[in-house]
file run_29.cif (mmCIF, C-alpha atoms)
data_data
#
loop_
_atom_site.label_atom_id
_atom_site.label_comp_id
_atom_site.auth_asym_id
_atom_site.auth_seq_id
_atom_site.Cartn_x
_atom_site.Cartn_y
_atom_site.Cartn_z
CA ARG A 1 0.00 0.00 0.00
CA THR A 2 2.91 2.34 0.77
CA ALA A 3 4.53 1.59 -2.58
CA LEU A 4 1.17 2.14 -4.29
CA PHE A 5 0.70 5.58 -2.71
CA ASN A 6 4.21 6.64 -3.76
CA TRP A 7 3.56 5.34 -7.29
CA LEU A 8 0.20 7.12 -7.53
CA PHE A 9 1.73 10.39 -6.29
CA ALA A 10 4.60 10.17 -8.78
CA ARG A 11 2.32 9.37 -11.72
CA ARG A 12 -0.22 12.05 -10.72
CA HIS A 13 2.45 14.76 -10.70
CA GLY A 14 4.60 13.56 -13.60
CA GLY A 15 7.45 12.57 -11.31
CA LYS A 16 9.60 9.46 -11.07
CA PHE A 17 8.94 6.44 -8.86
CA ILE A 18 12.27 5.15 -7.53
CA LEU A 19 12.68 1.58 -6.29
CA ARG A 20 15.34 1.31 -3.57
CA ILE A 21 16.27 -1.97 -1.90
CA GLU A 22 17.53 -1.48 1.65
CA ASP A 23 19.73 -4.56 1.81
CA THR A 24 22.69 -3.60 3.99
CA ASP A 25 21.61 -6.12 6.65
CA GLN A 26 22.77 -9.28 4.89
CA ALA A 27 21.12 -11.60 7.41
CA ARG A 28 17.70 -10.20 6.54
CA SER A 29 18.29 -9.63 2.83
CA LYS A 30 17.55 -12.81 0.94
CA THR A 31 17.04 -13.25 -2.80
CA GLU A 32 13.63 -14.86 -2.33
CA PHE A 33 12.38 -11.84 -0.37
CA LEU A 34 13.51 -9.50 -3.15
CA GLU A 35 11.89 -11.61 -5.87
CA GLU A 36 8.62 -11.61 -3.92
CA ILE A 37 8.68 -7.80 -3.72
CA LEU A 38 9.46 -7.41 -7.43
CA ASP A 39 6.82 -9.96 -8.46
CA SER A 40 4.20 -8.19 -6.36
CA LEU A 41 4.99 -4.77 -7.79
CA ARG A 42 4.96 -6.09 -11.35
CA TRP A 43 1.65 -7.90 -10.78
CA LEU A 44 0.02 -4.70 -9.50
CA GLY A 45 1.43 -2.75 -12.44
CA LEU A 46 3.59 -0.51 -10.26
CA ASN A 47 6.38 0.03 -12.78
CA TRP A 48 9.41 1.90 -11.47
CA ASP A 49 11.60 4.39 -13.32
CA GLY A 50 15.22 3.51 -14.06
CA GLY A 51 17.11 0.61 -12.53
CA ILE A 52 16.80 -0.79 -9.02
CA GLU A 53 18.96 1.00 -6.45
CA PHE A 54 20.68 -1.31 -3.95
CA GLN A 55 22.05 0.21 -0.75
CA SER A 56 24.58 -2.62 -0.50
CA LYS A 57 26.33 -1.15 -3.57
CA ARG A 58 26.72 2.28 -1.93
CA ILE A 59 28.68 1.37 1.21
CA GLU A 60 31.62 3.57 0.18
CA VAL A 61 29.29 6.58 -0.19
CA TYR A 62 28.04 6.13 3.36
CA ARG A 63 31.54 5.61 4.73
CA LYS A 64 32.87 8.83 3.21
CA ALA A 65 29.95 10.85 4.53
CA ALA A 66 30.33 9.42 8.04
CA GLU A 67 34.06 10.14 8.04
CA LYS A 68 33.34 13.72 6.92
CA LEU A 69 31.16 14.25 10.00
CA LEU A 70 33.86 12.60 12.07
CA SER A 71 36.50 15.02 10.77
CA GLU A 72 34.20 17.99 11.46
CA GLY A 73 33.74 16.94 15.06
CA THR A 74 29.99 16.39 14.86
CA ALA A 75 30.47 12.62 15.10
CA TYR A 76 32.73 10.41 17.20
CA ARG A 77 34.06 6.86 17.24
CA ASP A 78 32.64 4.27 19.61
CA GLY A 79 34.90 1.28 19.02
CA GLN A 80 34.64 0.59 15.30
CA ALA A 81 31.33 2.42 14.99
CA ILE A 82 30.84 6.08 14.01
CA VAL A 83 28.17 7.94 16.00
CA TYR A 84 26.55 11.35 15.42
CA ARG A 85 26.43 13.53 18.54
CA VAL A 86 22.94 14.90 19.23
CA THR A 87 22.74 18.26 21.03
CA PRO A 88 20.12 17.96 23.81
CA GLY A 89 17.34 20.49 24.38
CA GLU A 90 16.78 21.52 20.76
CA VAL A 91 13.32 21.46 19.15
CA ILE A 92 13.16 19.81 15.73
CA GLN A 93 10.10 20.84 13.73
CA PHE A 94 8.77 19.73 10.37
CA GLU A 95 5.50 19.95 8.49
CA ASP A 96 4.06 16.59 7.63
CA LEU A 97 1.86 16.66 4.52
CA ILE A 98 -0.79 14.62 6.32
CA HIS A 99 -0.40 15.33 10.05
CA GLY A 100 0.64 18.98 9.88
CA VAL A 101 3.36 20.47 12.10
CA ILE A 102 5.23 17.95 14.27
CA GLN A 103 7.74 18.96 16.95
CA VAL A 104 10.21 16.77 18.82
CA ASN A 105 12.71 17.80 21.51
CA THR A 106 16.18 16.31 21.03
CA LEU A 107 16.10 15.31 24.71
CA GLU A 108 14.05 12.38 23.36
CA ILE A 109 16.72 11.45 20.79
CA LYS A 110 19.91 9.64 21.71
CA ASP A 111 23.16 9.90 19.76
CA GLN A 112 22.70 8.34 16.33
CA VAL A 113 24.88 5.51 15.04
CA LEU A 114 25.89 6.25 11.44
CA LEU A 115 28.10 3.27 10.68
CA LYS A 116 27.91 0.10 12.73
CA SER A 117 31.05 -1.68 13.90
CA ASP A 118 30.96 -3.90 10.78
CA GLY A 119 31.07 -0.81 8.55
CA THR A 120 27.47 -1.01 7.35
CA PRO A 121 25.20 2.04 7.66
CA THR A 122 22.15 2.33 9.85
CA TYR A 123 18.73 2.77 8.25
CA ASN A 124 18.38 6.47 9.06
CA PHE A 125 21.83 7.40 7.79
CA ALA A 126 21.70 5.42 4.55
CA CYS A 127 18.26 6.79 3.70
CA VAL A 128 19.38 10.39 4.21
CA MET A 129 22.30 9.94 1.80
CA ASP A 130 20.15 8.13 -0.76
CA ASP A 131 17.31 10.65 -0.66
CA SER A 132 19.78 13.45 -1.34
CA ASP A 133 21.81 11.68 -4.03
CA PHE A 134 18.71 10.55 -5.93
CA LYS A 135 17.05 13.98 -5.56
CA ILE A 136 13.99 12.59 -3.82
CA SER A 137 11.34 15.29 -3.43
CA HIS A 138 8.63 13.41 -1.53
CA ILE A 139 8.63 10.42 0.80
CA ILE A 140 5.33 8.74 1.63
CA ARG A 141 5.70 6.13 4.37
CA GLY A 142 3.88 4.62 7.33
CA ASP A 143 3.30 6.79 10.38
CA ASP A 144 5.33 4.32 12.44
CA HIS A 145 8.28 6.18 10.86
CA ILE A 146 7.35 9.57 12.35
CA SER A 147 9.86 8.98 15.15
CA ASN A 148 12.62 8.47 12.55
CA THR A 149 12.03 11.77 10.75
CA PRO A 150 13.52 14.14 13.40
CA LYS A 151 16.60 11.91 13.59
CA GLN A 152 16.99 12.09 9.82
CA LEU A 153 16.44 15.86 9.78
CA LEU A 154 19.38 16.24 12.18
CA LEU A 155 21.55 14.33 9.70
CA TYR A 156 20.33 16.30 6.68
CA ARG A 157 21.34 19.46 8.49
CA ALA A 158 24.69 18.12 9.63
CA LEU A 159 25.51 17.09 6.05
CA LYS A 160 24.16 20.42 4.69
CA LEU A 161 21.60 18.60 2.53
CA GLN A 162 18.08 19.65 1.56
CA PRO A 163 15.50 17.33 3.15
CA PRO A 164 12.53 16.06 1.11
CA ASN A 165 8.86 16.52 1.95
CA PHE A 166 7.44 13.89 4.27
CA ALA A 167 3.95 12.36 4.35
CA HIS A 168 3.26 9.70 6.98
CA ILE A 169 0.21 7.59 6.19
CA PRO A 170 -1.73 5.70 8.89
CA LEU A 171 -1.04 2.02 9.36
CA ILE A 172 -3.40 -0.65 8.06
CA LEU A 173 -5.53 -2.20 10.80
CA GLY A 174 -7.42 -5.46 11.16
CA THR A 175 -11.19 -5.52 11.69
CA ASP A 176 -10.60 -5.43 15.46
CA ARG A 177 -8.72 -2.11 14.98
CA SER A 178 -5.38 -3.61 16.04
CA ARG A 179 -2.32 -3.52 13.79
CA LEU A 180 -2.73 -5.81 10.80
CA SER A 181 -1.13 -9.23 11.27
CA LYS A 182 -1.36 -12.76 9.92
CA ARG A 183 -4.28 -13.58 12.23
CA HIS A 184 -6.35 -11.08 10.21
CA GLY A 185 -5.56 -12.97 7.01
CA ALA A 186 -2.63 -10.71 6.10
CA THR A 187 -0.59 -13.17 4.08
CA ASN A 188 1.73 -11.91 1.37
CA LEU A 189 0.30 -10.39 -1.78
CA ASN A 190 1.01 -13.49 -3.87
CA GLU A 191 -1.50 -15.42 -1.76
CA TYR A 192 -4.29 -13.13 -2.93
CA ARG A 193 -3.03 -13.57 -6.45
CA LYS A 194 -3.22 -17.37 -6.15
CA ILE A 195 -6.73 -17.22 -4.70
CA GLY A 196 -7.82 -15.37 -7.83
CA TYR A 197 -8.04 -11.69 -6.97
CA LEU A 198 -7.40 -9.43 -9.98
CA PRO A 199 -4.57 -6.88 -9.76
CA GLU A 200 -6.97 -4.08 -10.77
CA ALA A 201 -9.24 -4.99 -7.85
CA MET A 202 -6.30 -5.16 -5.44
CA VAL A 203 -5.03 -1.72 -6.52
CA ASN A 204 -8.55 -0.32 -6.21
CA PHE A 205 -9.00 -1.74 -2.71
CA LEU A 206 -5.53 -0.81 -1.41
CA SER A 207 -5.85 2.75 -2.72
CA LEU A 208 -8.99 3.24 -0.63
CA LEU A 209 -7.15 2.22 2.56
CA GLY A 210 -6.51 5.74 3.81
CA TRP A 211 -7.45 7.72 0.70
CA SER A 212 -10.84 8.71 -0.66
CA PRO A 213 -11.86 10.01 -4.10
CA GLY A 214 -14.94 11.57 -2.50
CA GLU A 215 -18.67 11.18 -3.23
CA ASP A 216 -18.65 7.67 -1.72
CA ARG A 217 -17.16 6.22 -4.89
CA GLU A 218 -15.58 2.81 -4.43
CA ILE A 219 -14.91 1.34 -7.87
CA LEU A 220 -12.29 3.17 -9.93
CA SER A 221 -9.85 2.20 -12.66
CA ILE A 222 -6.12 2.69 -12.10
CA ASP A 223 -6.17 5.62 -14.54
CA GLN A 224 -9.00 7.27 -12.59
CA ILE A 225 -7.15 6.83 -9.30
CA VAL A 226 -3.96 8.36 -10.75
CA LYS A 227 -5.93 11.32 -12.09
CA GLU A 228 -7.61 12.04 -8.75
CA PHE A 229 -4.97 11.00 -6.22
CA ASP A 230 -4.40 13.80 -3.70
CA LEU A 231 -2.61 13.53 -0.34
CA ASN A 232 -5.04 16.12 1.04
CA ARG A 233 -7.69 13.41 0.87
CA ASP A 234 -5.64 11.01 2.98
CA GLY A 235 -7.00 10.22 6.42
CA LYS A 236 -5.08 10.56 9.68
CA THR A 237 -6.43 7.41 11.32
CA GLY A 238 -5.76 3.75 10.56
CA ALA A 239 -7.61 2.14 7.66
CA VAL A 240 -9.28 -1.24 8.19
CA PHE A 241 -8.37 -4.16 5.91
CA ASP A 242 -11.59 -6.15 5.73
CA LEU A 243 -11.45 -9.43 3.80
CA THR A 244 -15.22 -9.56 3.55
CA LYS A 245 -15.22 -6.08 2.02
#

call {"tool": "encode", "arguments": {"input": "run_29.cif", "output": "structure tokens"}}
result
Amino acid sequence: RTALFNWLFARRHGGKFILRIEDTDQARSKTEFLEEILDSLRWLGLNWDGGIEFQSKRIEVYRKAAEKLLSEGTAYRDGQAIVYRVTPGEVIQFEDLIHGVIQVNTLEIKDQVLLKSDGTPTYNFACVMDDSDFKISHIIRGDDHISNTPKQLLLYRALKLQPPNFAHIPLILGTDRSRLSKRHGATNLNEYRKIGYLPEAMVNFLSLLGWSPGEDREILSIDQIVKEFDLNRDGKTGAVFDLTK
């Protein structure tokens, strides 16, 4: 659903939809997981622009950036790791395209690891570098990432980079209003494909989980959804995934 919203936004505004694989954690990055992601995107018709970007191929980029902060004194070594020093008592503010103004005091943020002891980057650091290098203008992601955004904004500033616009969409919930899990029938997308659901129906249904075209319309073609997709129509509360629906 997150990929779909990014794709719809890019197509609606004539932008590019970039596919990035965050695979620096080798233990969790397996070929079969990647193939499942790619198969699902292709089945839904979510074509991406350009080649696939792999973070594992950009380790040297992250290392140089971390060492730059180290040389400037804004980061320090902790064993083999490089850590960014967070100044306490500062208010970090950003305007979320869905939730409005969000403020976080840095007293709630601990020093941020940039490179782990094995030389691989942390999620927040790698994403900051990638977003800048690939000229990402908008990031639409789950609102469970709201806590990551102030940490990333500190790194954008430290690296003198322009941050993108952020939109945090509500999580998908089960019919009991708890976070969606396998007990709600949330198997992977290929399971729905095997059962016989059509990709057009799946795109239609997923697009209405948190977004509304207005006028109580429920059945739209992909072209119609692209034409009308607007983040201002996104809700701020969790959307229910109802198998019966």

call {"tool": "atom_distance", "arguments": {"input": "run_29.cif", "atom1": "CA of Leu70 (chain A)", "atom2": "CA of Lys116 (chain A)"}}
result
13.9 Å

call {"tool": "resolve_selection", "arguments": {"input": "run_29.cif", "expression": "the PyMOL selection byres ((chain A and resi 77) around 12)", "output": "list of chain:residue names"}}
result
A:Ala66, A:Glu67, A:Leu69, A:Leu70, A:Ser71, A:Gly73, A:Thr74, A:Ala75, A:Tyr76, A:Asp78, A:Gly79, A:Gln80, A:Ala81, A:Ile82, A:Val83, A:Tyr84, A:Arg85, A:Asp111, A:Gln112, A:Val113, A:Leu114, A:Leu115, A:Lys116, A:Ser117, A:Gly119

call {"tool": "residues_around", "arguments": {"input": "run_29.cif", "residues": "Ser147 (chain A)", "least_positions_apart": "3", "cutoff": "10 Å", "atoms": "all atoms listed in the file", "output": "list in words"}}
result
Val104, Glu108, Ile109, Asp143, Asp144, Pro150, Lys151 and Gln152 of chain A

call {"tool": "residues_around", "arguments": {"input": "run_29.cif", "residues": "Ile172 (chain A)", "least_positions_apart": "4", "cutoff": "10 Å", "atoms": "only C-alpha atoms", "output": "list in words"}}
result
Arg1, Gly142, Arg177, Ser178, Arg179, Leu180, Ser181, Leu206, Leu209, Gly210, Thr237, Gly238, Ala239, Val240 and Phe241 of chain A

call {"tool": "residues_near_point", "arguments": {"input": "run_29.cif", "point": "(16.7, 9.5, -7.7)", "cutoff": "10 Å", "atoms": "only C-alpha atoms", "output": "number ranges by chain"}}
result
A: 16-20, 49-50, 53, 130-137

call {"tool": "closest_residue", "arguments": {"input": "run_29.cif", "among": "A:Ser29, A:Thr175, A:Ser221, A:Thr2", "to": "Pro199 (chain A)", "atoms": "all atoms listed in the file"}}
result
A:Ser221

call {"tool": "atom_distance", "arguments": {"input": "run_29.cif", "atom1": "CA of Leu44 (chain A)", "atom2": "CA of Met202 (chain A)"}}
result
7.5 Å

call {"tool": "axis_aligned_box", "arguments": {"input": "run_29.cif", "around": "region 210-217 of chain A", "padding_each_side": "4 Å", "output": "AutoDock Vina command-line options"}}
result
--center_x -12.6 --center_y 8.7 --center_z -0.5 --size_x 20.2 --size_y 13.8 --size_z 16.7

call {"tool": "resolve_selection", "arguments": {"input": "run_29.cif", "expression": "the PyMOL selection byres ((chain A and resi 56) around 8)", "output": "ChimeraX atom specification"}}
result
/A:22-24,54-55,57-59

call {"tool": "residues_around", "arguments": {"input": "run_29.cif", "residues": "Asp242 (chain A)", "least_positions_apart": "2", "cutoff": "9 Å", "atoms": "all atoms listed in the file", "output": "NGL selection string"}}
result
:A and (173-175 or 184 or 240 or 244-245)

call {"tool": "residues_around", "arguments": {"input": "run_29.cif", "residues": "Ile37 (chain A)", "least_positions_apart": "3", "cutoff": "12 Å", "atoms": "all atoms listed in the file", "output": "list in words"}}
result
Ala3, Leu19, Arg20, Ile21, Ser29, Lys30, Thr31, Glu32, Phe33, Leu34, Ser40, Leu41, Arg42, Trp43, Leu44, Leu46, Ile52, Asn188, Leu189 and Asn190 of chain A

call {"tool": "atom_distance", "arguments": {"input": "run_29.cif", "atom1": "CA of Thr120 (chain A)", "atom2": "CA of Arg157 (chain A)"}}
result
21.4 Å

call {"tool": "resolve_selection", "arguments": {"input": "run_29.cif", "expression": "the PyMOL selection byres ((chain A and resi 8-10) around 9)", "output": "PDB file with C-alpha atoms, in the coordinates of the input"}}
result
ATOM      1  CA  ALA A   3       4.530   1.590  -2.580  1.00  0.00           C
ATOM      2  CA  LEU A   4       1.170   2.140  -4.290  1.00  0.00           C
ATOM      3  CA  PHE A   5       0.700   5.580  -2.710  1.00  0.00           C
ATOM      4  CA  ASN A   6       4.210   6.640  -3.760  1.00  0.00           C
ATOM      5  CA  TRP A   7       3.560   5.340  -7.290  1.00  0.00           C
ATOM      6  CA  ARG A  11       2.320   9.370 -11.720  1.00  0.00           C
ATOM      7  CA  ARG A  12      -0.220  12.050 -10.720  1.00  0.00           C
ATOM      8  CA  HIS A  13       2.450  14.760 -10.700  1.00  0.00           C
ATOM      9  CA  GLY A  14       4.600  13.560 -13.600  1.00  0.00           C
ATOM     10  CA  GLY A  15       7.450  12.570 -11.310  1.00  0.00           C
ATOM     11  CA  LYS A  16       9.600   9.460 -11.070  1.00  0.00           C
ATOM     12  CA  PHE A  17       8.940   6.440  -8.860  1.00  0.00           C
ATOM     13  CA  LEU A  46       3.590  -0.510 -10.260  1.00  0.00           C
ATOM     14  CA  HIS A 138       8.630  13.410  -1.530  1.00  0.00           C
ATOM     15  CA  ILE A 140       5.330   8.740   1.630  1.00  0.00           C
ATOM     16  CA  SER A 207      -5.850   2.750  -2.720  1.00  0.00           C
ATOM     17  CA  ILE A 222      -6.120   2.690 -12.100  1.00  0.00           C
ATOM     18  CA  ILE A 225      -7.150   6.830  -9.300  1.00  0.00           C
ATOM     19  CA  VAL A 226      -3.960   8.360 -10.750  1.00  0.00           C
ATOM     20  CA  LYS A 227      -5.930  11.320 -12.090  1.00  0.00           C
ATOM     21  CA  PHE A 229      -4.970  11.000  -6.220  1.00  0.00           C
ATOM     22  CA  ASP A 230      -4.400  13.800  -3.700  1.00  0.00           C
ATOM     23  CA  LEU A 231      -2.610  13.530  -0.340  1.00  0.00           C
TER      24      LEU A 231
END

call {"tool": "closest_residue", "arguments": {"input": "run_29.cif", "among": "A:Tyr192, A:Tyr62, A:Phe166, A:Tyr197", "to": "Asp96 (chain A)", "atoms": "all atoms listed in the file"}}
result
A:Phe166

call {"tool": "closest_residue", "arguments": {"input": "run_29.cif", "among": "A:Ile195, A:Ile146, A:Leu97, A:Met129", "to": "Lys160 (chain A)", "atoms": "all atoms listed in the file"}}
result
A:Met129

call {"tool": "closest_residue", "arguments": {"input": "run_29.cif", "among": "A:Asp234, A:Glu72, A:Asp118, A:Asp25", "to": "His99 (chain A)", "atoms": "all atoms listed in the file"}}
result
A:Asp234

call {"tool": "closest_residue", "arguments": {"input": "run_29.cif", "among": "A:Lys64, A:Leu208, A:Gln224, A:Pro213", "to": "Leu159 (chain A)", "atoms": "only C-alpha atoms"}}
result
A:Lys64

call {"tool": "build_atoms", "arguments": {"input": "run_29.cif", "residues": "region 15-26 of chain A", "atoms": "all heavy atoms", "output": "tab-separated table (two decimals), in the coordinates of the input"}}
result
chain	number	residue	atom	x	y	z
A	15	GLY	N	6.13	12.79	-11.90
A	15	GLY	CA	7.45	12.57	-11.31
A	15	GLY	C	7.98	11.18	-11.62
A	15	GLY	O	7.46	10.48	-12.49
A	16	LYS	N	9.01	10.79	-10.90
A	16	LYS	CA	9.60	9.46	-11.07
A	16	LYS	C	9.42	8.65	-9.79
A	16	LYS	O	9.55	9.17	-8.69
A	16	LYS	CB	11.09	9.57	-11.40
A	16	LYS	CG	11.37	10.16	-12.78
A	16	LYS	CD	12.85	10.19	-13.08
A	16	LYS	CE	13.12	10.73	-14.48
A	16	LYS	NZ	14.57	10.76	-14.79
A	17	PHE	N	9.12	7.37	-9.97
A	17	PHE	CA	8.94	6.44	-8.86
A	17	PHE	C	10.21	5.60	-8.77
A	17	PHE	O	10.54	4.83	-9.67
A	17	PHE	CB	7.72	5.55	-9.14
A	17	PHE	CG	7.50	4.46	-8.12
A	17	PHE	CD1	7.28	4.75	-6.78
A	17	PHE	CD2	7.49	3.13	-8.52
A	17	PHE	CE1	7.06	3.74	-5.86
A	17	PHE	CE2	7.27	2.11	-7.60
A	17	PHE	CZ	7.05	2.42	-6.27
A	18	ILE	N	10.96	5.80	-7.69
A	18	ILE	CA	12.27	5.15	-7.53
A	18	ILE	C	12.14	3.92	-6.64
A	18	ILE	O	11.55	3.99	-5.55
A	18	ILE	CB	13.29	6.12	-6.90
A	18	ILE	CG1	13.34	7.44	-7.70
A	18	ILE	CG2	14.67	5.49	-6.83
A	18	ILE	CD1	13.73	7.29	-9.14
A	19	LEU	N	12.69	2.80	-7.09
A	19	LEU	CA	12.68	1.58	-6.29
A	19	LEU	C	14.05	1.39	-5.65
A	19	LEU	O	15.05	1.19	-6.34
A	19	LEU	CB	12.33	0.37	-7.15
A	19	LEU	CG	12.33	-0.98	-6.43
A	19	LEU	CD1	11.37	-0.99	-5.24
A	19	LEU	CD2	11.97	-2.10	-7.40
A	20	ARG	N	14.09	1.47	-4.33
A	20	ARG	CA	15.34	1.31	-3.57
A	20	ARG	C	15.23	0.07	-2.69
A	20	ARG	O	14.25	-0.09	-1.98
A	20	ARG	CB	15.58	2.56	-2.72
A	20	ARG	CG	16.83	2.47	-1.86
A	20	ARG	CD	17.10	3.81	-1.20
A	20	ARG	NE	16.23	4.08	-0.07
A	20	ARG	CZ	15.86	5.31	0.31
A	20	ARG	NH1	16.27	6.36	-0.37
A	20	ARG	NH2	15.08	5.48	1.35
A	21	ILE	N	16.24	-0.77	-2.73
A	21	ILE	CA	16.27	-1.97	-1.90
A	21	ILE	C	17.24	-1.74	-0.75
A	21	ILE	O	18.44	-1.55	-0.97
A	21	ILE	CB	16.69	-3.21	-2.72
A	21	ILE	CG1	15.75	-3.39	-3.93
A	21	ILE	CG2	16.68	-4.46	-1.84
A	21	ILE	CD1	14.30	-3.59	-3.58
A	22	GLU	N	16.71	-1.73	0.46
A	22	GLU	CA	17.53	-1.48	1.65
A	22	GLU	C	18.07	-2.82	2.16
A	22	GLU	O	17.45	-3.48	2.99
A	22	GLU	CB	16.69	-0.73	2.69
A	22	GLU	CG	16.31	0.66	2.16
A	22	GLU	CD	15.14	1.31	2.88
A	22	GLU	OE1	14.57	0.67	3.77
A	22	GLU	OE2	14.80	2.45	2.53
A	23	ASP	N	19.22	-3.20	1.62
A	23	ASP	CA	19.73	-4.56	1.81
A	23	ASP	C	21.09	-4.60	2.50
A	23	ASP	O	21.88	-5.52	2.26
A	23	ASP	CB	19.82	-5.26	0.46
A	23	ASP	CG	20.75	-4.53	-0.52
A	23	ASP	OD1	21.07	-3.35	-0.28
A	23	ASP	OD2	21.16	-5.14	-1.51
A	24	THR	N	21.38	-3.61	3.34
A	24	THR	CA	22.69	-3.60	3.99
A	24	THR	C	22.77	-4.63	5.12
A	24	THR	O	23.87	-5.01	5.52
A	24	THR	CB	23.02	-2.20	4.55
A	24	THR	OG1	22.00	-1.81	5.46
A	24	THR	CG2	23.12	-1.19	3.42
A	25	ASP	N	21.63	-5.06	5.63
A	25	ASP	CA	21.61	-6.12	6.65
A	25	ASP	C	21.53	-7.46	5.91
A	25	ASP	O	20.47	-7.92	5.52
A	25	ASP	CB	20.40	-5.94	7.57
A	25	ASP	CG	20.39	-6.94	8.72
A	25	ASP	OD1	21.09	-7.97	8.63
A	25	ASP	OD2	19.68	-6.70	9.72
A	26	GLN	N	22.70	-8.07	5.71
A	26	GLN	CA	22.77	-9.28	4.89
A	26	GLN	C	21.96	-10.44	5.46
A	26	GLN	O	21.42	-11.26	4.72
A	26	GLN	CB	24.24	-9.70	4.72
A	26	GLN	CG	25.06	-8.71	3.91
A	26	GLN	CD	24.52	-8.50	2.51
A	26	GLN	OE1	24.25	-9.45	1.80
A	26	GLN	NE2	24.33	-7.24	2.13
